[in-house]
Each structure stands twice: as C-alpha cells, then as structure tokens.
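Undergrad: Before anything else, here's the structure in question.
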Amino acid sequence: MKLILVRHGETVWNAERRLQGHADAPLSERGIDQARRAARFFAEGPAPAHVVTSDLSRARRTAEILGFADVATDERLREMDLGEWTGRLIDEIETSDRGTYREWRLGSYTPPRGETWRQFCDRIGAAIEEALHEQDGDVVIVAHEGVVRASCDILLGLPPSSLSPVAPAALTIFDIDRSARPHKARLVAHNIAPMPGDLRARGLDHSPV
C-alpha cells in the first residue's frame with residue numbers, strides 16, 4: 001500500500017512569512033491554485049481507500065480542492081505547536097533571537113512554551129499508525145509541512161536536518177509494508193511540487209509552517 005502525504009497550499013500567513021502552528025489562516029489565491037494543480041495527481045489514479053486531514057481549515061480546504069470532501073479529520077495531525085512563536089514573523093524572530101529559527105528548523109530548538117520535536121513525532125506517529133490500521137488500499141493524509149518532515153523521521157529515520165523545506169501542496173509518497181511491526185517504509189517520492197518554481201525558494205528559512 002502507499003501512504004501519500006500532501007502539504008496544504010500556501011496561506012496568507014505563509015505569504016507574509018508568519019508562523020502559524022496551531023493558529024489558522026485561509027489559503028491564498030496562489031495556495032488555491034497550487035492545490036488545484038496537485039489535484040491532477042489524484043484525478044488520474046484510483047481512489048484511495050482512506051483519506052484523513054488535519055482539523056485545521058488550511059488542510060481541510062486543500063483536501064476539498066484535491067477532491068476529498070467530507071473526509072475524516074484528526075487533530076493529532078495539526079502542525080507543531082509553536083508556543084510563543086505563533087503568529088510571529090520570521091524576520092522578527094531572526095532579528096530578536098538570532099539563530100534560533102534555523103535551529104528550530106533543524107529540530108534542535110523548541111520555541112518558548114512550544115512542542116518539542118520528540119513530542120511532535122510521538123503524536124504524528126500515533127495518528128499515522130491509526131490511519132494505516134487495517135486499510136486494504138492507499139491512504140492519503142492532507143496536513144502540514146511539519147507532519148511530512150516528522151513522517152520522514154518516524155518511517156525512515158531521516159531527521160529534520162536531512163530534509164529540505166516542503167513546498168506548498170507538495171506530495172510525498174511512501175510504500176508501506178503493513179505486515180511488519182513496526183511498519184516498514186520505502187520512500188517513493190518526496191516534495192513533488194505542483195509549482196516547480198517553489199523548489200527554488202531560498203534555503204532553510206523560506207517555508208513558514
């Protein structure tokens with residue numbers, strides 16, 4: 001079976017380089033277009049056996065545009081809780097707390113009152129395990145960049161420092177062997193961006209979650 005992860009399309013806060021975490025912001029017009037382009041992947045293939053999204057509206061709206069309306073939601077698939085960084089501009093953080101944003105992107109720093117990388121991976125891992133449980137076909141999860149990065153750590157042992165930012169509405173695909181405990185996974189594709197130009201954005205700091 002395949003596990004297909006889709007990051008939500010760009011939001012208005014993404015465009016402002018403002019961190020969201022558990023806060024929510026609507027998709028931008030560009031984000032809607034990104035999701036529409038990503039929908040072509042699903043329109044040309046068999047329907048998945050199961051679709052689940054984060055309960056935040058940016059993920060649910062992306063799922064609707066992909067062609068998945070009225071699907072299950074799971075609050076455990078929310079983005080990482082950023083604590084006191086929620087709603088802050090990346091430029092402000094880089095000016096006031098130099099180096100901490102990059103360290104957070106690399107998984108080695110936790111924002112004040114925020115969620116640690118290990119806490120985050122624990123809840124994402126539990127949500128993935130439940131989504132895969134007793135499914136006979138492919139599973140689609142529509143969520144957030146952090147969820148994709150955590151999945152790579154959980155399933156493949158790839159830490160954040162080994163991964164580039166995930167583009168808006170990009171797809172990441174794993175082959176899953178459910179007969180193994182824990183599940184064995186193989187990476188089929190990572191960061192398939194519906195707008196390839198998004199992959200040329202600058203470095204580790206380009207992609208507010």
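Residues are referred to by chain and number: the chain letter is A, B, ... according to the order shown in the structure tokens, the number counts from 1 in that chain, and ligands are numbered separately from 1 in the order shown.
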At most 6 Å is the cut-off: for each residue in stretch 91-191 of chain A with any atom that close to an atom of stretch 30-53 of chain A, write down the nearest atom pair and the distance in Å rounded to one decimal, counting only C-alpha atoms, chain first then increasing number, as CSV.

TA:
```
residue,atom,partner,partner_atom,distance
A:Gly137,CA,A:Ala49,CA,4.8
A:Asp138,CA,A:Pro48,CA,4.8
A:Val139,CA,A:His50,CA,4.9
A:Val140,CA,A:Val51,CA,4.7
A:Ile141,CA,A:Val52,CA,5.1
A:Val142,CA,A:Thr53,CA,4.6
A:Ala143,CA,A:Thr53,CA,5.7
A:Ala169,CA,A:Ala35,CA,5.6
```

Undergrad: Next, write the just-selected residues to a file, as a compact mmCIF listing (two decimals), in the first residue's frame, keeping all heavy atoms as the atom set.

TA:
```
# COMPACT_ATOMS: atom_id res chain seq x y z
N GLY A 137 -6.10 -0.45 0.95
CA GLY A 137 -5.61 0.32 -0.19
C GLY A 137 -4.80 1.50 0.28
O GLY A 137 -4.37 1.58 1.44
N ASP A 138 -4.58 2.45 -0.62
CA ASP A 138 -3.74 3.60 -0.33
C ASP A 138 -4.41 4.54 0.67
O ASP A 138 -5.63 4.66 0.73
CB ASP A 138 -3.43 4.35 -1.61
CG ASP A 138 -2.62 3.52 -2.60
OD1 ASP A 138 -2.02 2.51 -2.17
OD2 ASP A 138 -2.60 3.87 -3.80
N VAL A 139 -3.56 5.21 1.44
CA VAL A 139 -4.02 6.18 2.44
C VAL A 139 -3.45 7.54 2.08
O VAL A 139 -2.26 7.68 1.77
CB VAL A 139 -3.56 5.76 3.85
CG1 VAL A 139 -3.85 6.86 4.87
CG2 VAL A 139 -4.22 4.45 4.26
N VAL A 140 -4.31 8.55 2.13
CA VAL A 140 -3.90 9.94 1.87
C VAL A 140 -4.06 10.73 3.16
O VAL A 140 -5.11 10.68 3.81
CB VAL A 140 -4.74 10.58 0.75
CG1 VAL A 140 -4.40 12.07 0.59
CG2 VAL A 140 -4.53 9.84 -0.57
N ILE A 141 -3.02 11.48 3.52
CA ILE A 141 -3.07 12.40 4.65
C ILE A 141 -2.78 13.80 4.13
O ILE A 141 -1.75 14.03 3.50
CB ILE A 141 -2.04 12.02 5.73
CG1 ILE A 141 -2.43 10.68 6.39
CG2 ILE A 141 -1.92 13.11 6.79
CD1 ILE A 141 -1.42 10.19 7.41
N VAL A 142 -3.70 14.73 4.38
CA VAL A 142 -3.52 16.12 3.99
C VAL A 142 -3.26 16.92 5.26
O VAL A 142 -4.13 16.97 6.14
CB VAL A 142 -4.75 16.67 3.24
CG1 VAL A 142 -4.48 18.10 2.75
CG2 VAL A 142 -5.12 15.77 2.07
N ALA A 143 -2.08 17.50 5.36
CA ALA A 143 -1.72 18.13 6.62
C ALA A 143 -0.74 19.28 6.39
O ALA A 143 -1.00 20.16 5.59
CB ALA A 143 -1.18 17.08 7.59
N ALA A 169 1.48 22.40 -1.04
CA ALA A 169 0.70 21.44 -1.83
C ALA A 169 1.56 20.33 -2.44
O ALA A 169 1.10 19.61 -3.32
CB ALA A 169 -0.12 22.13 -2.91
```

Undergrad: Run DSSP on the backbone of this structure and report the residues of stretch 45-179 of chain A it assigns to helix (DSSP H, G or I), as a VMD selection string.

TA: chain A and resid 57 to 66 75 to 77 83 to 85 90 to 96 100 to 105 117 to 132 145 to 156 160 to 162

Undergrad: Using only C-alpha atoms, pick whichever of A:Cys152, A:Val166, A:Ile93, A:Leu27 has the shortest atom-to-atom distance to A:Ala63.

TA: A:Leu27

Undergrad: Just want the 9 Å neighbourhood of stretch 78-91 of chain A, counted on only C-alpha atoms, with same-chain residues fewer than 5 positions away dropped. Output as an NGL selection string.

TA: :A and (13 or 16-23 or 53-56 or 59 or 96 or 101 or 110-117 or 120 or 124 or 143-147 or 205 or 208-209)

Undergrad: Between atom CA of A:Ala189 and atom CA of A:Phe174, what is the spacing in Å?

TA: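 Between these atoms lies a distance of 7.1 Å.
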
Undergrad: What does the distance between atom CA of A:Trp104 and atom CA of A:Glu75 come to in Å, to one decimal place?

TA: 22.2 Å

Undergrad: Would you kindly return, as a list in words, each protein, DNA or RNA residue with an atom no farther than 10 Å from any atom of A:Asn191, considering only C-alpha atoms and excluding same-chain residues fewer than 5 positions away?

TA: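 Once the nearby chain positions are removed, what remains is Leu5, Val6, Arg7, Glu145, Val148, Leu163, Ser164, Pro165, Val166, Ala167, Pro168, Ala169, Ala170, Leu171, Thr172, Ile173, Pro196 and Leu199 of chain A.
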
Undergrad: Keeping only C-alpha atoms, write those residues as a short mmCIF file (atom, residue, chain, number, x, y, z; two decimals), in the first residue's frame.

TA:
```
data_model
loop_
_atom_site.label_atom_id
_atom_site.label_comp_id
_atom_site.auth_asym_id
_atom_site.auth_seq_id
_atom_site.Cartn_x
_atom_site.Cartn_y
_atom_site.Cartn_z
CA LEU A 5 1.14 12.92 2.29
CA VAL A 6 0.08 16.31 0.94
CA ARG A 7 1.05 19.61 2.48
CA GLU A 145 4.98 20.66 6.38
CA VAL A 148 5.66 15.48 6.32
CA LEU A 163 15.37 17.35 4.77
CA SER A 164 14.82 20.43 2.68
CA PRO A 165 11.67 22.55 3.19
CA VAL A 166 8.46 21.08 1.78
CA ALA A 167 6.76 23.18 -0.88
CA PRO A 168 3.08 24.16 -0.55
CA ALA A 169 0.70 21.44 -1.83
CA ALA A 170 3.67 19.13 -2.47
CA LEU A 171 3.26 15.34 -2.37
CA THR A 172 5.45 12.85 -0.52
CA ILE A 173 4.82 9.13 -1.13
CA PRO A 196 8.20 23.59 -9.57
CA LEU A 199 11.54 24.49 -5.08
#
```

Undergrad: Run DSSP on the backbone of this structure and report the residues of stretch 8-202 of chain A it assigns to strand (DSSP E), as a count of residues only.

TA: 27

Undergrad: Grab the atom CA of A:Ser108 to atom CA of A:Ser161 distance for me, in Å with one decimal place.

TA: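 Between atom CA of A:Ser108 and atom CA of A:Ser161 the gap is 9.0 Å.
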
Undergrad: Of the candidates A:Glu92, A:Leu3, A:Ser179, A:Arg58, which one gets nearest to A:Ser28 if we count only C-alpha atoms?

TA: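 Selected residue with least distance to A:Ser28: A:Arg58.
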